[in-house]
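Raw run-v9.pdb, PDB, C-alpha atoms:
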MODEL        1
ATOM      1  CA  MET A 597     131.300 109.848  83.592
ATOM      2  CA  GLU A 598     127.550 109.569  84.048
ATOM      3  CA  TRP A 599     127.034 111.927  86.983
ATOM      4  CA  THR A 600     130.144 114.022  87.582
ATOM      5  CA  ARG A 601     131.563 116.898  85.563
ATOM      6  CA  LEU A 602     134.798 118.906  85.775
ATOM      7  CA  ARG A 603     136.280 121.720  83.726
ATOM      8  CA  VAL A 604     139.466 123.649  84.537
ATOM      9  CA  LEU A 605     139.871 127.096  82.968
ATOM     10  CA  ALA A 606     143.006 129.162  82.432
ATOM     11  CA  LEU A 607     141.846 132.731  81.770
ATOM     12  CA  GLU A 608     144.079 135.501  80.494
ATOM     13  CA  PRO A 609     143.650 138.980  82.038
ATOM     14  CA  GLY A 610     140.266 140.344  80.996
ATOM     15  CA  GLU A 611     139.174 137.078  79.374
ATOM     16  CA  THR A 612     135.596 135.826  79.774
ATOM     17  CA  TYR A 613     134.331 132.244  79.662
ATOM     18  CA  ALA A 614     130.610 131.638  79.144
ATOM     19  CA  PHE A 615     128.694 128.398  79.513
ATOM     20  CA  ALA A 616     125.201 126.997  79.920
ATOM     21  CA  SER A 617     124.549 124.848  83.000
ATOM     22  CA  GLY A 618     122.278 122.447  81.150
ATOM     23  CA  GLU A 619     121.135 119.596  83.409
ATOM     24  CA  CYS A 620     123.982 120.157  85.870
ATOM     25  CA  GLU A 621     124.601 122.241  88.965
ATOM     26  CA  TRP A 622     128.071 123.822  89.181
ATOM     27  CA  ILE A 623     130.466 125.400  91.652
ATOM     28  CA  VAL A 624     132.961 127.971  90.372
ATOM     29  CA  LEU A 625     136.094 127.443  92.484
ATOM     30  CA  PRO A 626     139.161 129.694  92.075
ATOM     31  CA  LEU A 627     142.423 127.738  91.973
ATOM     32  CA  SER A 628     144.553 130.863  91.569
ATOM     33  CA  GLY A 629     143.371 134.436  91.118
ATOM     34  CA  GLY A 630     139.930 135.961  91.456
ATOM     35  CA  CYS A 631     137.002 136.477  89.132
ATOM     36  CA  GLU A 632     133.511 137.832  88.654
ATOM     37  CA  VAL A 633     130.690 135.319  88.158
ATOM     38  CA  ARG A 634     127.482 136.513  86.481
ATOM     39  CA  CYS A 635     124.621 134.017  86.477
ATOM     40  CA  ARG A 636     121.245 134.468  84.805
ATOM     41  CA  ALA A 637     118.653 131.711  85.002
ATOM     42  CA  LEU A 638     117.063 130.522  81.782
ATOM     43  CA  PRO A 639     113.278 130.045  81.492
ATOM     44  CA  GLY A 640     112.113 127.101  83.501
ATOM     45  CA  PRO A 641     110.843 126.092  86.927
ATOM     46  CA  ALA A 642     111.534 128.401  89.849
ATOM     47  CA  PRO A 643     114.197 127.346  92.379
ATOM     48  CA  GLN A 644     113.006 124.623  94.721
ATOM     49  CA  THR A 645     113.661 123.851  98.357
ATOM     50  CA  PRO A 646     113.387 120.060  98.751
ATOM     51  CA  ALA A 647     111.781 118.745 101.912
ATOM     52  CA  GLY A 648     114.256 118.808 104.766
ATOM     53  CA  LEU A 649     116.790 120.978 102.909
ATOM     54  CA  ASP A 650     117.246 124.523 104.204
ATOM     55  CA  VAL A 651     118.917 126.927 101.776
ATOM     56  CA  SER A 652     117.947 130.147 103.549
ATOM     57  CA  PRO A 653     120.697 132.488 104.779
ATOM     58  CA  ASP A 654     120.148 131.153 108.310
ATOM     59  CA  GLY A 655     119.921 127.510 107.195
ATOM     60  CA  VAL A 656     122.031 125.083 109.179
ATOM     61  CA  GLU A 657     122.756 122.753 106.287
ATOM     62  CA  ALA A 658     123.440 125.507 103.754
ATOM     63  CA  GLY A 659     125.473 127.464 106.241
ATOM     64  CA  LEU A 660     126.153 130.045 103.534
ATOM     65  CA  ALA A 661     124.133 133.042 102.450
ATOM     66  CA  GLU A 662     123.636 134.410  98.980
ATOM     67  CA  SER A 663     124.101 137.932 100.292
ATOM     68  CA  GLY A 664     127.372 139.217 101.685
ATOM     69  CA  PRO A 665     130.267 141.548 100.924
ATOM     70  CA  GLN A 666     131.181 139.731  97.705
ATOM     71  CA  ALA A 667     127.656 139.282  96.304
ATOM     72  CA  LYS A 668     125.818 142.082  94.549
ATOM     73  CA  SER A 669     122.890 142.829  92.250
ATOM     74  CA  ALA A 670     121.118 139.703  93.443
ATOM     75  CA  PRO A 671     117.390 139.454  94.175
ATOM     76  CA  PRO A 672     116.998 139.269  97.975
ATOM     77  CA  ALA A 673     116.231 136.048  99.851
ATOM     78  CA  PHE A 674     116.665 133.853  96.772
ATOM     79  CA  GLU A 675     113.724 135.558  95.046
ATOM     80  CA  ALA A 676     112.291 133.319  92.327
ATOM     81  CA  ARG A 677     111.299 135.992  89.830
ATOM     82  CA  GLY A 678     114.556 135.701  87.897
ATOM     83  CA  PHE A 679     114.192 132.000  87.279
ATOM     84  CA  GLY A 680     111.616 131.939  84.516
ATOM     85  CA  GLY A 681     108.167 130.449  84.693
ATOM     86  CA  GLY A 682     106.667 133.564  83.125
ATOM     87  CA  ALA A 683     108.021 135.853  85.861
ATOM     88  CA  PRO A 684     109.516 139.254  85.018
ATOM     89  CA  ALA A 685     113.199 139.295  84.100
ATOM     90  CA  ALA A 686     115.602 140.175  86.917
ATOM     91  CA  GLU A 687     119.150 141.389  87.090
ATOM     92  CA  PRO A 688     121.650 138.520  86.983
ATOM     93  CA  HIS A 689     123.238 137.290  90.166
ATOM     94  CA  VAL A 690     126.756 138.754  90.301
ATOM     95  CA  PHE A 691     129.404 137.353  92.635
ATOM     96  CA  GLU A 692     132.867 138.831  93.113
ATOM     97  CA  LEU A 693     135.247 136.023  94.100
ATOM     98  CA  ARG A 694     138.425 137.184  95.832
ATOM     99  CA  GLY A 695     140.056 133.847  95.098
ATOM    100  CA  ARG A 696     143.567 133.043  96.319
ATOM    101  CA  SER A 697     147.200 132.973  95.233
ATOM    102  CA  GLY A 698     147.162 129.210  94.778
ATOM    103  CA  VAL A 699     145.657 125.972  96.055
ATOM    104  CA  PHE A 700     148.099 125.754  98.982
ATOM    105  CA  GLY A 701     147.155 129.255 100.138
ATOM    106  CA  GLY A 702     144.079 128.275 102.148
ATOM    107  CA  PRO A 703     140.373 127.870 101.344
ATOM    108  CA  THR A 704     138.778 130.166  98.779
ATOM    109  CA  ASP A 705     135.379 131.692  98.317
ATOM    110  CA  PHE A 706     133.233 130.242  95.534
ATOM    111  CA  ALA A 707     129.933 130.577  93.685
ATOM    112  CA  TYR A 708     127.131 128.047  93.196
ATOM    113  CA  VAL A 709     125.420 128.094  89.789
ATOM    114  CA  PRO A 710     122.112 126.196  89.398
ATOM    115  CA  ARG A 711     121.061 124.026  86.491
ATOM    116  CA  ASP A 712     119.299 125.693  83.528
ATOM    117  CA  ALA A 713     121.262 128.920  83.781
ATOM    118  CA  HIS A 714     123.688 130.969  81.673
ATOM    119  CA  THR A 715     126.935 131.943  83.402
ATOM    120  CA  GLU A 716     129.884 134.180  82.526
ATOM    121  CA  ILE A 717     133.207 134.068  84.365
ATOM    122  CA  ARG A 718     135.534 137.033  83.903
ATOM    123  CA  SER A 719     138.932 137.502  85.507
ATOM    124  CA  ALA A 720     140.382 141.022  85.384
ATOM    125  CA  ALA A 721     143.888 139.870  86.338
ATOM    126  CA  GLY A 722     143.672 136.330  84.948
ATOM    127  CA  GLY A 723     143.787 133.036  86.801
ATOM    128  CA  ARG A 724     142.770 129.400  86.904
ATOM    129  CA  PHE A 725     139.313 128.221  87.896
ATOM    130  CA  ALA A 726     137.675 124.840  88.401
ATOM    131  CA  LEU A 727     134.065 124.176  87.475
ATOM    132  CA  ALA A 728     132.889 121.226  89.556
ATOM    133  CA  GLY A 729     129.529 119.917  88.395
ATOM    134  CA  ALA A 730     126.977 117.164  88.785
ATOM    135  CA  ARG A 731     123.842 116.076  86.968
ATOM    136  CA  CYS A 732     120.873 116.974  89.107
ATOM    137  CA  THR A 733     117.100 117.289  89.070
ATOM    138  CA  THR A 734     116.419 120.084  91.553
ATOM    139  CA  ARG A 735     117.043 123.713  90.699
ATOM    140  CA  LEU A 736     118.482 125.429  93.775
ATOM    141  CA  PRO A 737     119.194 129.163  94.063
ATOM    142  CA  ALA A 738     122.469 130.733  92.976
ATOM    143  CA  ARG A 739     124.612 131.504  96.016
ATOM    144  CA  TYR A 740     127.956 132.839  97.227
ATOM    145  CA  GLY A 741     130.182 130.775  99.541
ATOM    146  CA  PRO A 742     132.617 132.794 101.678
ATOM    147  CA  ALA A 743     136.043 131.322 102.371
ATOM    148  CA  GLU A 744     135.609 132.031 106.073
ATOM    149  CA  ARG A 745     132.753 129.501 106.267
ATOM    150  CA  VAL A 746     134.674 126.603 104.698
ATOM    151  CA  ALA A 747     135.272 123.932 107.348
ATOM    152  CA  VAL A 748     138.913 122.786 107.417
ATOM    153  CA  GLU A 749     139.431 119.246 108.731
ATOM    154  CA  LEU A 750     142.668 117.427 109.559
ATOM    155  CA  ARG A 751     142.283 113.694 108.940
ATOM    156  CA  GLY A 752     144.509 110.792 109.814
ATOM    157  CA  ALA A 753     147.809 110.996 111.686
ATOM    158  CA  GLY A 754     151.523 110.498 111.111
ATOM    159  CA  GLN A 755     152.291 109.707 107.472
ATOM    160  CA  CYS A 756     148.560 109.393 106.773
ATOM    161  CA  SER A 757     147.923 113.031 107.763
ATOM    162  CA  ARG A 758     146.079 115.244 105.302
ATOM    163  CA  GLN A 759     143.927 118.356 105.244
ATOM    164  CA  VAL A 760     140.403 118.501 103.821
ATOM    165  CA  ASN A 761     138.722 121.774 102.844
ATOM    166  CA  ASN A 762     135.041 120.817 103.034
ATOM    167  CA  PHE A 763     133.630 123.590 100.851
ATOM    168  CA  ALA A 764     130.771 121.480  99.444
ATOM    169  CA  ALA A 765     130.672 118.447 101.695
ATOM    170  CA  ALA A 766     127.418 116.621 102.361
ATOM    171  CA  GLY A 767     125.557 116.495 105.641
ATOM    172  CA  PRO A 768     124.720 118.906 108.457
ATOM    173  CA  GLY A 769     126.745 122.096 108.284
ATOM    174  CA  GLY A 770     127.672 121.502 104.648
ATOM    175  CA  PHE A 771     126.884 123.628 101.626
ATOM    176  CA  ALA A 772     123.499 122.765 100.117
ATOM    177  CA  CYS A 773     123.619 121.160  96.663
ATOM    178  CA  ASP A 774     121.254 118.727  94.989
ATOM    179  CA  ARG A 775     123.687 115.921  94.009
ATOM    180  CA  LEU A 776     127.164 117.538  93.971
ATOM    181  CA  ILE A 777     129.713 116.737  96.697
ATOM    182  CA  ALA A 778     133.125 118.407  96.384
ATOM    183  CA  VAL A 779     136.123 118.867  98.691
ATOM    184  CA  GLU A 780     139.812 119.743  98.438
ATOM    185  CA  VAL A 781     142.498 117.486  99.912
ATOM    186  CA  LEU A 782     146.050 118.652 100.665
ATOM    187  CA  THR A 783     148.739 116.099 101.490
ATOM    188  CA  PRO A 784     152.267 116.993 102.680
ATOM    189  CA  GLY A 785     155.089 115.528 100.621
ATOM    190  CA  GLY A 786     155.889 111.920 101.544
ATOM    191  CA  ASN A 787     152.433 111.214 103.011
ATOM    192  CA  TRP A 788     149.639 108.922 101.869
ATOM    193  CA  SER A 789     146.054 110.147 101.690
ATOM    194  CA  SER A 790     142.783 108.562 100.575
ATOM    195  CA  TYR A 791     144.008 105.777 102.822
ATOM    196  CA  PRO A 792     142.929 103.173 103.804
ATOM    197  CA  PRO A 793     141.536 102.377 100.351
ATOM    198  CA  HIS A 794     137.799 102.809 100.329
ATOM    199  CA  LYS A 795     134.876 102.613  97.948
ATOM    200  CA  HIS A 796     131.427 104.091  97.367
ATOM    201  CA  ASP A 797     130.143 102.322  94.256
ATOM    202  CA  GLU A 798     127.071 100.499  95.654
ATOM    203  CA  HIS A 799     123.908 101.767  97.280
ATOM    204  CA  HIS A 800     123.417 100.295 100.772
ATOM    205  CA  PRO A 801     121.175 102.581 102.859
ATOM    206  CA  GLY A 802     122.976 103.874 105.922
ATOM    207  CA  GLU A 803     126.204 102.080 104.994
ATOM    208  CA  GLU A 804     127.460 103.063 101.541
ATOM    209  CA  SER A 805     126.586 105.625  98.873
ATOM    210  CA  ARG A 806     126.833 105.065  95.156
ATOM    211  CA  LEU A 807     129.058 107.908  93.957
ATOM    212  CA  GLU A 808     131.318 108.433  90.973
ATOM    213  CA  GLU A 809     134.423 110.472  91.683
ATOM    214  CA  ILE A 810     136.927 112.640  89.823
ATOM    215  CA  TYR A 811     140.356 113.443  91.274
ATOM    216  CA  TRP A 812     142.084 116.521  89.779
ATOM    217  CA  PHE A 813     145.691 117.036  90.863
ATOM    218  CA  GLU A 814     148.118 119.864  91.413
ATOM    219  CA  ILE A 815     151.563 118.943  92.733
ATOM    220  CA  ALA A 816     153.937 121.508  94.251
ATOM    221  CA  PRO A 817     157.343 121.755  92.537
ATOM    222  CA  HIS A 818     160.669 121.806  94.357
ATOM    223  CA  GLY A 819     162.427 124.796  92.873
ATOM    224  CA  ASP A 820     162.441 124.197  89.133
ATOM    225  CA  THR A 821     161.698 120.485  89.491
ATOM    226  CA  PRO A 822     158.048 119.590  88.777
ATOM    227  CA  GLY A 823     156.277 117.489  91.354
ATOM    228  CA  TYR A 824     154.531 114.160  90.947
ATOM    229  CA  GLY A 825     152.618 111.519  92.875
ATOM    230  CA  TYR A 826     150.719 108.265  92.394
ATOM    231  CA  GLN A 827     147.077 107.205  92.476
ATOM    232  CA  ARG A 828     145.874 103.633  92.906
ATOM    233  CA  VAL A 829     142.430 102.177  92.118
ATOM    234  CA  THR A 830     141.696  98.447  92.468
ATOM    235  CA  PRO A 831     138.666  96.375  91.404
ATOM    236  CA  SER A 832     135.730  95.976  93.755
ATOM    237  CA  PRO A 833     132.741  93.603  93.638
ATOM    238  CA  ALA A 834     130.803  96.345  91.812
ATOM    239  CA  GLY A 835     133.398  97.262  89.189
ATOM    240  CA  LYS A 836     136.588  96.395  87.350
ATOM    241  CA  THR A 837     138.547  99.660  87.483
ATOM    242  CA  ASP A 838     142.241  98.789  87.967
ATOM    243  CA  LEU A 839     144.727 101.658  87.771
ATOM    244  CA  LEU A 840     148.138 102.734  89.004
ATOM    245  CA  ALA A 841     148.878 106.182  87.605
ATOM    246  CA  GLU A 842     151.686 108.676  87.980
ATOM    247  CA  VAL A 843     149.977 112.033  88.403
ATOM    248  CA  ARG A 844     151.263 115.548  87.833
ATOM    249  CA  THR A 845     149.733 119.000  87.865
ATOM    250  CA  GLY A 846     146.692 119.109  85.599
ATOM    251  CA  ASP A 847     146.089 115.355  85.577
ATOM    252  CA  ALA A 848     142.670 113.907  86.373
ATOM    253  CA  VAL A 849     141.779 110.365  87.437
ATOM    254  CA  LEU A 850     138.230 109.148  86.768
ATOM    255  CA  ILE A 851     136.833 106.666  89.290
ATOM    256  CA  PRO A 852     133.455 105.250  88.248
ATOM    257  CA  ASP A 853     133.894 102.387  90.735
ATOM    258  CA  GLY A 854     136.491 100.473  92.722
ATOM    259  CA  TRP A 855     138.568 100.717  95.866
ATOM    260  CA  HIS A 856     140.524 103.966  95.546
ATOM    261  CA  GLY A 857     143.623 104.945  97.439
ATOM    262  CA  PRO A 858     146.239 105.570  98.332
ATOM    263  CA  SER A 859     147.029 108.945  96.824
ATOM    264  CA  ILE A 860     150.786 109.168  97.347
ATOM    265  CA  ALA A 861     152.709 112.448  97.471
ATOM    266  CA  ALA A 862     156.381 112.118  96.540
ATOM    267  CA  PRO A 863     158.744 113.375  99.281
ATOM    268  CA  GLY A 864     159.402 117.083  98.863
ATOM    269  CA  HIS A 865     156.289 117.615  96.737
ATOM    270  CA  ASP A 866     153.058 118.532  98.493
ATOM    271  CA  MET A 867     149.961 117.190  96.750
ATOM    272  CA  TYR A 868     146.605 118.869  96.158
ATOM    273  CA  TYR A 869     143.566 117.218  94.661
ATOM    274  CA  LEU A 870     140.029 118.339  94.045
ATOM    275  CA  ASN A 871     137.427 115.612  94.627
ATOM    276  CA  VAL A 872     134.170 115.874  92.665
ATOM    277  CA  MET A 873     131.505 113.281  93.509
ATOM    278  CA  ALA A 874     127.905 112.616  92.492
ATOM    279  CA  GLY A 875     125.532 109.732  91.976
ATOM    280  CA  PRO A 876     121.892 108.719  91.866
ATOM    281  CA  ALA A 877     119.701 109.853  94.728
ATOM    282  CA  GLY A 878     118.868 106.324  95.821
ATOM    283  CA  GLY A 879     115.701 107.529  97.467
ATOM    284  CA  GLY A 880     117.393 109.883  99.934
ATOM    285  CA  PRO A 881     119.572 112.979 100.407
ATOM    286  CA  ARG A 882     123.105 113.201  99.091
ATOM    287  CA  GLN A 883     125.496 111.394 101.401
ATOM    288  CA  TRP A 884     129.165 110.399 101.472
ATOM    289  CA  LEU A 885     129.133 106.927 102.993
ATOM    290  CA  ILE A 886     132.185 104.736 102.389
ATOM    291  CA  ARG A 887     133.436 101.223 103.040
ATOM    292  CA  ASP A 888     137.111 100.741 103.915
ATOM    293  CA  HIS A 889     138.991  97.924 102.223
ATOM    294  CA  PRO A 890     138.858  95.015 104.697
ATOM    295  CA  ASP A 891     142.574  94.256 104.239
ATOM    296  CA  HIS A 892     143.670  97.752 105.223
ATOM    297  CA  ALA A 893     140.996  99.195 107.527
ATOM    298  CA  TRP A 894     143.148  98.334 110.583
ATOM    299  CA  ILE A 895     145.391 101.333 109.868
ATOM    300  CA  ARG A 896     142.766 103.670 111.359
ATOM    301  CA  GLY A 897     143.343 102.030 114.725
ATOM    302  CA  THR A 898     146.969 103.228 114.762
ATOM    303  CA  TRP A 899     146.148 106.916 114.425
ATOM    304  CA  PRO A 900     145.105 107.683 118.038
ATOM    305  CA  GLY A 901     148.702 107.022 119.171
ATOM    306  CA  GLN A 902     150.254 109.387 116.602
ATOM    307  CA  ASP A 903     150.408 113.144 116.150
ATOM    308  CA  VAL A 904     149.036 114.934 113.104
ATOM    309  CA  ASP A 905     151.803 115.982 110.708
ATOM    310  CA  PRO A 906     153.125 119.352 112.018
ATOM    311  CA  ARG A 907     153.227 120.685 108.438
ATOM    312  CA  LEU A 908     149.444 120.939 108.610
ATOM    313  CA  PRO A 909     147.346 122.917 108.246
ATOM    314  CA  PHE A 910     148.291 124.713 105.074
ATOM    315  CA  PRO A 911     149.017 127.552 104.215
ATOM    316  CA  GLN A 912     152.206 127.111 106.222
ATOM    317  CA  GLY A 913     154.997 128.126 103.843
ATOM    318  CA  ALA A 914     152.441 128.875 101.102
ATOM    319  CA  GLU A 915     154.921 131.232  99.445
ATOM    320  CA  ASP A 916     157.147 128.247  98.594
ATOM    321  CA  HIS A 917     154.438 126.779  96.352
ATOM    322  CA  ARG A 918     153.928 129.772  94.105
TER     323      ARG A 918
ENDMDL
END
Take the structure in the file and give it back as C-alpha cells.
Amino acid sequence: MEWTRLRVLALEPGETYAFASGECEWIVLPLSGGCEVRCRALPGPAPQTPAGLDVSPDGVEAGLAESGPQAKSAPPAFEARGFGGGAPAAEPHVFELRGRSGVFGGPTDFAYVPRDAHTEIRSAAGGRFALAGARCTTRLPARYGPAERVAVELRGAGQCSRQVNNFAAAGPGGFACDRLIAVEVLTPGGNWSSYPPHKHDEHHPGEESRLEEIYWFEIAPHGDTPGYGYQRVTPSPAGKTDLLAEVRTGDAVLIPDGWHGPSIAAPGHDMYYLNVMAGPAGGGPRQWLIRDHPDHAWIRGTWPGQDVDPRLPFPQGAEDHR
C-alpha cells in the first residue's frame, strides 16, 4: 500500500517493542490489555500546526489534549524543544494506556506518535496492540487520546446496523492527524456493514476523497467455535480490485481501490474491524468523502422505518467475547 500502514503486535508480559516512525504518523491502539508508550522525537523540524488545524488542548478539531491523567513527563502545551532543530533535549513523552479487555469491550484510550520519532511500547501484563499509520508530510505533536472522548456512532438500521468508534475520524470534532483516518466498526452477528458498497478511490473536490484502506478483522467465537465473516470488493472505474474473501481473526484485506462492501458477519459471530485510511492531500485537509454504488444506494432510504439493532451499542455482553 502506498499511503496506509498497519502492524499488529502480540506482546508477552514485560515485553517491549521499539520502532522508528520514519515518514509516517502512527496511532498506538490497544486491542486487549494496556501498555506504556514512550516517544522521543528525532532531530528534525519542530512540530507544525497547519493553517486551519487546531491541535491545542482546547482545539475543537483535535478535541483531545496531550495532558491528562494518563500522560506524564511530557513538555507542556506541545512544547517544541524536544523535537530537534538544535533545541535542547527533552524528556520523552510517556503515555500510560489503560487499554481494554478486548475489542468488544468499548472504546479504548490511545496515543498519537508523530513522524520522525523513536517509540517504545511496553506492556507489563501483556496484550495485543495495533499500530495504525499513514505516510504524511506534517509533523504534529505527540498526544494522548482518552477513551471518554471517542465518539461512538450507530449507523444504519435493522440488519445493516453497526457501531463505529470514531477515535481518529476526519472533520470537526475529530482527532487531529495529518493524513491518517482510522475508526473501529463493530457488527452484530448476522448483520451486514460497509453497506451499501461505496468507494473513495478518486479525487473529486467536495464529493469524493482518494483514500486507500486496510480492514483488519477480529471475529467473536461461539464457545470453542472460531468465528468468520466475508468481505467483498468489486472493480470501480478507477481500479480493478475484485475480491470475495472469507475473513477470520487476524486477517487483513487491502483495498487500494474499488467498491467495498458488504462486510458480512456470520450469524452468532460478532465482527470487529479496524479501518485504516490515508491518501494524497489533493490540495486540502484530510476528508472521508464517499460515493455509494448506484445499484445499491437505495438501501439507505429504508433505514428511517427500521429500528437500530437492539444488540448495539457494545459492550453489551462483552464478557461472552473474551
Selection under test: the PyMOL selection byres ((chain A and resi 866) around 7); residues as a count of residues only: 10
Quick one: contact table of segment 829-916 of chain A to segment 612-631 of chain A, 12 Å max, nearest atom pair and distance in Å to one decimal per residue, counting only C-alpha atoms, chain and number order, as a tab-separated table?
residue	atom	partner	partner_atom	distance
A:Gly846	CA	A:Leu627	CA	11.5
A:Tyr868	CA	A:Leu627	CA	10.7
A:Tyr869	CA	A:Leu627	CA	10.9
A:Leu870	CA	A:Leu627	CA	9.9
A:Val872	CA	A:Ile623	CA	10.3
A:Met873	CA	A:Trp622	CA	11.9
A:Ala874	CA	A:Glu621	CA	10.8
The PyMOL selection byres ((chain A and resi 842) around 12) applied to the shown file, residues as an MDAnalysis selection string: chainID A and resid 813 815 823:828 839:841 843:849 859:862
Among the residues A:Pro703, A:Pro639, A:Pro742, A:Gly857, the one that comes closest to Phe691 of chain A [using only C-alpha atoms]: A:Pro742
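Evaluated against the shown file, the PyMOL selection byres ((chain A and resi 732) around 9) gives Trp599, Glu619, Cys620, Glu621, Arg711, Ala730, Arg731, Thr733, Thr734, Arg735, Asp774, Arg775, Leu776, Ala874 and Pro876 of chain A.
For the atom pair formed by atom CA of Gln902 of chain A and atom CA of Trp788 of chain A, the distance is 14.8 Å, given to one decimal.
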Near-Arg751 of chain A list (9 Å; all atoms listed in the file; drop same-chain fewer than 2 positions) as a list in words: Glu749, Ala753, Cys756, Ser757, Arg758, Gln759, Val760, Ser789 and Val904 of chain A
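Each of A:Asp797, A:Asp820, A:Glu611, A:Glu809 was compared to Val779 of chain A using only C-alpha atoms, and A:Glu809 turns out to be the nearest.
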Between atom CA of Arg694 of chain A and atom CA of Ala743 of chain A, distance in Å (one decimal): 9.1 Å
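When only C-alpha atoms are used to measure the gap to Asp853 of chain A, the shortest distance among A:Gln883, A:His818, A:His794, A:Thr898 belongs to A:His794.
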Among listed residues A:Ser719, A:Arg806, A:Gly702, A:Pro831, nearest Asn762 of chain A (using all atoms listed in the file): A:Gly702
Best match for closeness to Ala772 of chain A among A:Leu807, A:Ala834, A:Leu736, A:Leu693, counting all atoms listed in the file: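 When distances to Ala772 of chain A are compared using all atoms listed in the file, the smallest one comes from A:Leu736.
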Selected residue, from A:Arg718, A:Arg601, A:Ala764, A:Leu607, that lies nearest to Asp705 of chain A when counting all atoms listed in the file: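 Selected residue with least distance to Asp705 of chain A: A:Ala764.
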